[in-house]
Amino acid sequence: MRCIEQDSLNRRRSIYGLSGVLPVSENCFIETIESCLLHCPTPFNIQSARVVILLGKKHLLLWQKIREELLGIITDKQVTAVKKKIDAFARAYGTILFFEDRNSLMRLKKQFPQYAKNMRLWTQQANGMLQYMIWQTLSENEVGASLQHYNELIDKAVIKMFNLPKTWELVAQMPFGSIETEPTEKNFLPLDERLRILR
């Protein structure tokens with residue numbers, strides 16, 4: 001009996017050293033995101049995830065805003081490190097923004113009131129699956145990416161800057177581009193602390 005192929009799963013990593021080059025065509029990249037959106041499973045087929053792809057000036061505008069907001073709340077000792085980190089994300093080719101549509105969630109709660117208390121958790125899990133699906137697919141095509149969470153700090157600004165519906169709730173940001181610097185070796189906790197097999 002053959003084993004399940006998992007090399008591509010093991011290669012997916014958080015890539016912070018990105019360049020402003022895309023190793024695939026923009027059209028192919030967009031088609032990939034569209035395919036993931038269509039085929040990612042969602043609770044009751046709600047399809048509540050929303051995605052925005054920021055390219056060029058819009059991508060730079062996002063990271064300029066994040067930089068500005070962070071510099072307003074950090075200490076002087078943190079400035080150099082924060083600037084370096086945000087500038088690295090700005091050097092990427094673009095950014096994928098992940099959202100959840102609150103209107104979709106409210107409709108689902110009304111349709112299935114017996115499950116209402118769990119709906120938000122389930123839709124967040126589905127959004128996480130979409131993020132991973134996209135991340136894994138990009139990795140398989142040699143596009144580097146990492147997942148960032150500057151939520152609350154930039155939520156209102158993002159909706160306003162990009163003229164998005166107010167019912168969209170920002171979940172995560174994924175800068176992407178060609179891999180300029182390989183990630184460092186990853187450390188793992190012992191599997192016997194994380195996995196139990198019961199027969």
# chains A, B, ... in the order shown; residues from 1 in each chain; ligands from 1
call {"tool": "residues_around", "arguments": {"residues": "A:Leu105", "least_positions_apart": "4", "cutoff": "12 Å", "atoms": "only C-alpha atoms", "output": "list in words"}}
result
Thr42, Pro43, Phe44, Asn45, Ile46, Gln47, Ser48, Ala49, Glu100, Asp101, Lys109, Lys110, Gln111, Phe112, Pro113, Tyr115, Ala116, Lys117, Asn118, Met119, Arg120, Leu121, Trp122, Thr123, Gln124, Thr167, Trp168 and Glu169 of chain A
call {"tool": "write_last_selection", "arguments": {"atoms": "C-alpha atoms", "output": "PDB file, in the first residue's frame"}}
result
ATOM      1  CA  THR A  42     -17.979  26.319   3.917  1.00  0.00           C
ATOM      2  CA  PRO A  43     -20.663  25.555   6.531  1.00  0.00           C
ATOM      3  CA  PHE A  44     -24.066  25.096   4.862  1.00  0.00           C
ATOM      4  CA  ASN A  45     -22.372  26.352   1.668  1.00  0.00           C
ATOM      5  CA  ILE A  46     -22.557  29.887   3.103  1.00  0.00           C
ATOM      6  CA  GLN A  47     -19.565  31.154   1.066  1.00  0.00           C
ATOM      7  CA  SER A  48     -19.110  34.078   3.477  1.00  0.00           C
ATOM      8  CA  ALA A  49     -15.408  34.656   2.778  1.00  0.00           C
ATOM      9  CA  GLU A 100     -15.838  37.636   6.439  1.00  0.00           C
ATOM     10  CA  ASP A 101     -19.167  39.124   5.338  1.00  0.00           C
ATOM     11  CA  LYS A 109     -28.100  32.366  11.798  1.00  0.00           C
ATOM     12  CA  LYS A 110     -31.698  33.219  10.880  1.00  0.00           C
ATOM     13  CA  GLN A 111     -31.936  30.225   8.551  1.00  0.00           C
ATOM     14  CA  PHE A 112     -30.549  27.767  11.131  1.00  0.00           C
ATOM     15  CA  PRO A 113     -31.240  29.281  14.589  1.00  0.00           C
ATOM     16  CA  TYR A 115     -26.818  26.354  15.253  1.00  0.00           C
ATOM     17  CA  ALA A 116     -26.557  30.151  15.617  1.00  0.00           C
ATOM     18  CA  LYS A 117     -24.138  30.134  18.556  1.00  0.00           C
ATOM     19  CA  ASN A 118     -21.585  28.129  16.551  1.00  0.00           C
ATOM     20  CA  MET A 119     -21.928  29.879  13.196  1.00  0.00           C
ATOM     21  CA  ARG A 120     -19.186  32.464  13.725  1.00  0.00           C
ATOM     22  CA  LEU A 121     -16.716  29.793  14.800  1.00  0.00           C
ATOM     23  CA  TRP A 122     -17.548  27.649  11.766  1.00  0.00           C
ATOM     24  CA  THR A 123     -17.245  30.514   9.273  1.00  0.00           C
ATOM     25  CA  GLN A 124     -13.905  31.530  10.811  1.00  0.00           C
ATOM     26  CA  THR A 167     -20.271  44.562   6.484  1.00  0.00           C
ATOM     27  CA  TRP A 168     -16.903  43.033   5.535  1.00  0.00           C
ATOM     28  CA  GLU A 169     -14.813  42.146   8.595  1.00  0.00           C
TER      29      GLU A 169
END
call {"tool": "residues_around", "arguments": {"residues": "stretch 183-195 of chain A", "least_positions_apart": "2", "cutoff": "7 Å", "atoms": "only C-alpha atoms", "output": "mmCIF file with C-alpha atoms, in the first residue's frame"}}
result
data_model
loop_
_atom_site.group_PDB
_atom_site.id
_atom_site.type_symbol
_atom_site.label_atom_id
_atom_site.label_comp_id
_atom_site.auth_asym_id
_atom_site.auth_seq_id
_atom_site.Cartn_x
_atom_site.Cartn_y
_atom_site.Cartn_z
ATOM 1 C CA ILE A 15 8.248 33.442 3.737
ATOM 2 C CA THR A 181 15.244 34.552 1.262
ATOM 3 C CA ILE A 197 -3.865 7.297 18.337
#
call {"tool": "residues_around", "arguments": {"residues": "A:Ile53", "least_positions_apart": "2", "cutoff": "8 Å", "atoms": "only C-alpha atoms", "output": "ChimeraX atom specification"}}
result
/A:51,55,94-97
call {"tool": "write_last_selection", "arguments": {"atoms": "C-alpha atoms", "output": "compact mmCIF listing (two decimals), in the first residue's frame"}}
result
# COMPACT_ATOMS: atom_id res chain seq x y z
CA VAL A 51 -11.03 38.31 -0.79
CA LEU A 55 -1.41 45.12 -6.40
CA GLY A 94 1.08 42.27 -3.57
CA THR A 95 -1.17 41.44 -0.64
CA ILE A 96 -4.27 39.29 -0.32
CA LEU A 97 -6.83 40.56 2.19
call {"tool": "closest_residue", "arguments": {"among": "A:Thr80, A:Ala145, A:Pro23, A:Asn127", "to": "A:Leu170", "atoms": "only C-alpha atoms"}}
result
A:Asn127
call {"tool": "residues_around", "arguments": {"residues": "A:Asn141", "least_positions_apart": "2", "cutoff": "8 Å", "atoms": "only C-alpha atoms", "output": "list of chain:residue names"}}
result
A:Pro23, A:Val24, A:Thr137, A:Leu138, A:Ser139, A:Val143
call {"tool": "write_last_selection", "arguments": {"atoms": "N, CA and C atoms", "output": "mmCIF file, in the first residue's frame"}}
result
data_model
loop_
_atom_site.group_PDB
_atom_site.id
_atom_site.type_symbol
_atom_site.label_atom_id
_atom_site.label_comp_id
_atom_site.auth_asym_id
_atom_site.auth_seq_id
_atom_site.Cartn_x
_atom_site.Cartn_y
_atom_site.Cartn_z
ATOM 1 N N PRO A 23 6.480 34.932 -9.770
ATOM 2 C CA PRO A 23 7.007 33.872 -10.636
ATOM 3 C C PRO A 23 5.977 33.207 -11.543
ATOM 4 N N VAL A 24 4.726 33.640 -11.464
ATOM 5 C CA VAL A 24 3.677 33.167 -12.376
ATOM 6 C C VAL A 24 3.010 34.407 -12.967
ATOM 7 N N THR A 137 -1.414 26.391 -2.340
ATOM 8 C CA THR A 137 -1.376 26.428 -3.800
ATOM 9 C C THR A 137 -0.276 27.365 -4.292
ATOM 10 N N LEU A 138 -0.129 28.516 -3.638
ATOM 11 C CA LEU A 138 0.942 29.442 -4.008
ATOM 12 C C LEU A 138 2.300 28.786 -3.795
ATOM 13 N N SER A 139 2.462 28.113 -2.672
ATOM 14 C CA SER A 139 3.721 27.440 -2.358
ATOM 15 C C SER A 139 4.081 26.409 -3.420
ATOM 16 N N VAL A 143 5.463 30.558 -5.240
ATOM 17 C CA VAL A 143 5.122 31.910 -4.805
ATOM 18 C C VAL A 143 5.192 31.912 -3.279
#
call {"tool": "select_by_dssp", "arguments": {"residues": "stretch 56-181 of chain A", "states": "helix (DSSP H, G or I)", "output": "ChimeraX atom specification"}}
result
/A:56-71,76-90,102-111,113-140,155-161
call {"tool": "atom_distance", "arguments": {"atom1": "atom CA of A:Glu26", "atom2": "atom CA of A:Leu61"}}
result
19.5 Å
call {"tool": "residues_around", "arguments": {"residues": "A:Arg11", "least_positions_apart": "2", "cutoff": "9 Å", "atoms": "only C-alpha atoms", "output": "PDB file with C-alpha atoms, in the first residue's frame"}}
result
ATOM      1  CA  GLN A   6       3.258  15.069   1.500  1.00  0.00           C
ATOM      2  CA  ASP A   7       6.383  16.806   0.182  1.00  0.00           C
ATOM      3  CA  SER A   8       4.391  19.817  -1.026  1.00  0.00           C
ATOM      4  CA  LEU A   9       2.786  20.160   2.424  1.00  0.00           C
ATOM      5  CA  ARG A  13       6.430  27.904   5.014  1.00  0.00           C
ATOM      6  CA  GLN A 136      -0.523  25.913  -0.129  1.00  0.00           C
ATOM      7  CA  SER A 139       3.721  27.440  -2.358  1.00  0.00           C
ATOM      8  CA  GLU A 140       3.331  24.631  -4.895  1.00  0.00           C
TER       9      GLU A 140
END
call {"tool": "select_by_dssp", "arguments": {"residues": "stretch 1-198 of chain A", "states": "strand (DSSP E or B)", "output": "NGL selection string"}}
result
:A and (17-19 or 49-55 or 94-101 or 143-145 or 148 or 168-181)
call {"tool": "write_last_selection", "arguments": {"atoms": "C-alpha atoms", "output": "compact mmCIF listing (two decimals), in the first residue's frame"}}
result
# COMPACT_ATOMS: atom_id res chain seq x y z
CA GLY A 17 12.02 37.58 2.39
CA LEU A 18 9.83 38.44 -0.62
CA SER A 19 10.58 40.45 -3.74
CA ALA A 49 -15.41 34.66 2.78
CA ARG A 50 -14.44 37.72 0.76
CA VAL A 51 -11.03 38.31 -0.79
CA VAL A 52 -9.34 41.45 -2.08
CA ILE A 53 -6.07 41.29 -4.04
CA LEU A 54 -3.99 44.45 -3.69
CA LEU A 55 -1.41 45.12 -6.40
CA GLY A 94 1.08 42.27 -3.57
CA THR A 95 -1.17 41.44 -0.64
CA ILE A 96 -4.27 39.29 -0.32
CA LEU A 97 -6.83 40.56 2.19
CA PHE A 98 -9.23 38.04 3.74
CA PHE A 99 -12.63 39.12 5.05
CA GLU A 100 -15.84 37.64 6.44
CA ASP A 101 -19.17 39.12 5.34
CA VAL A 143 5.12 31.91 -4.81
CA GLY A 144 6.19 32.85 -1.28
CA ALA A 145 3.72 34.20 1.27
CA GLN A 148 -0.27 38.58 9.00
CA TRP A 168 -16.90 43.03 5.54
CA GLU A 169 -14.81 42.15 8.60
CA LEU A 170 -11.04 41.97 8.07
CA VAL A 171 -9.55 38.62 9.11
CA ALA A 172 -5.97 38.46 7.79
CA GLN A 173 -3.42 39.87 5.35
CA MET A 174 -1.15 37.76 3.12
CA PRO A 175 1.79 39.51 1.40
CA PHE A 176 3.10 37.45 -1.54
CA GLY A 177 5.84 37.47 -4.17
CA SER A 178 8.87 35.55 -5.34
CA ILE A 179 11.04 33.96 -2.65
CA GLU A 180 14.14 36.07 -2.04
CA THR A 181 15.24 34.55 1.26
call {"tool": "atom_distance", "arguments": {"atom1": "atom CA of A:His39", "atom2": "atom CA of A:Arg107"}}
result
21.0 Å
call {"tool": "closest_residue", "arguments": {"among": "A:Trp63, A:His149, A:Ile134, A:Glu182", "to": "A:Ile30", "atoms": "only C-alpha atoms"}}
result
A:Ile134
call {"tool": "residues_around", "arguments": {"residues": "A:Leu130", "least_positions_apart": "3", "cutoff": "7 Å", "atoms": "only C-alpha atoms", "output": "PDB file with C-alpha atoms, in the first residue's frame"}}
result
ATOM      1  CA  CYS A  36      -9.804  28.423  -4.216  1.00  0.00           C
ATOM      2  CA  LEU A  37     -12.759  30.711  -3.440  1.00  0.00           C
ATOM      3  CA  CYS A  40     -13.145  25.826  -0.443  1.00  0.00           C
ATOM      4  CA  ALA A 126     -13.791  27.997   6.778  1.00  0.00           C
ATOM      5  CA  ASN A 127     -11.920  31.262   6.244  1.00  0.00           C
ATOM      6  CA  MET A 133      -5.733  26.493   0.507  1.00  0.00           C
ATOM      7  CA  ILE A 134      -4.441  29.640  -1.181  1.00  0.00           C
TER       8      ILE A 134
END
call {"tool": "closest_residue", "arguments": {"among": "A:Lys160, A:Arg91, A:Arg102, A:Lys65", "to": "A:Val21", "atoms": "only C-alpha atoms"}}
result
A:Arg91
call {"tool": "closest_residue", "arguments": {"among": "A:Thr32, A:Arg199, A:Arg12, A:Ile4", "to": "A:Leu147", "atoms": "only C-alpha atoms"}}
result
A:Arg12
call {"tool": "atom_distance", "arguments": {"atom1": "atom CA of A:Asp87", "atom2": "atom CA of A:Arg67"}}
result
8.2 Å
call {"tool": "closest_residue", "arguments": {"among": "A:Val82, A:Ala157, A:Ala88, A:Ile74", "to": "A:Leu62", "atoms": "only C-alpha atoms"}}
result
A:Ala157
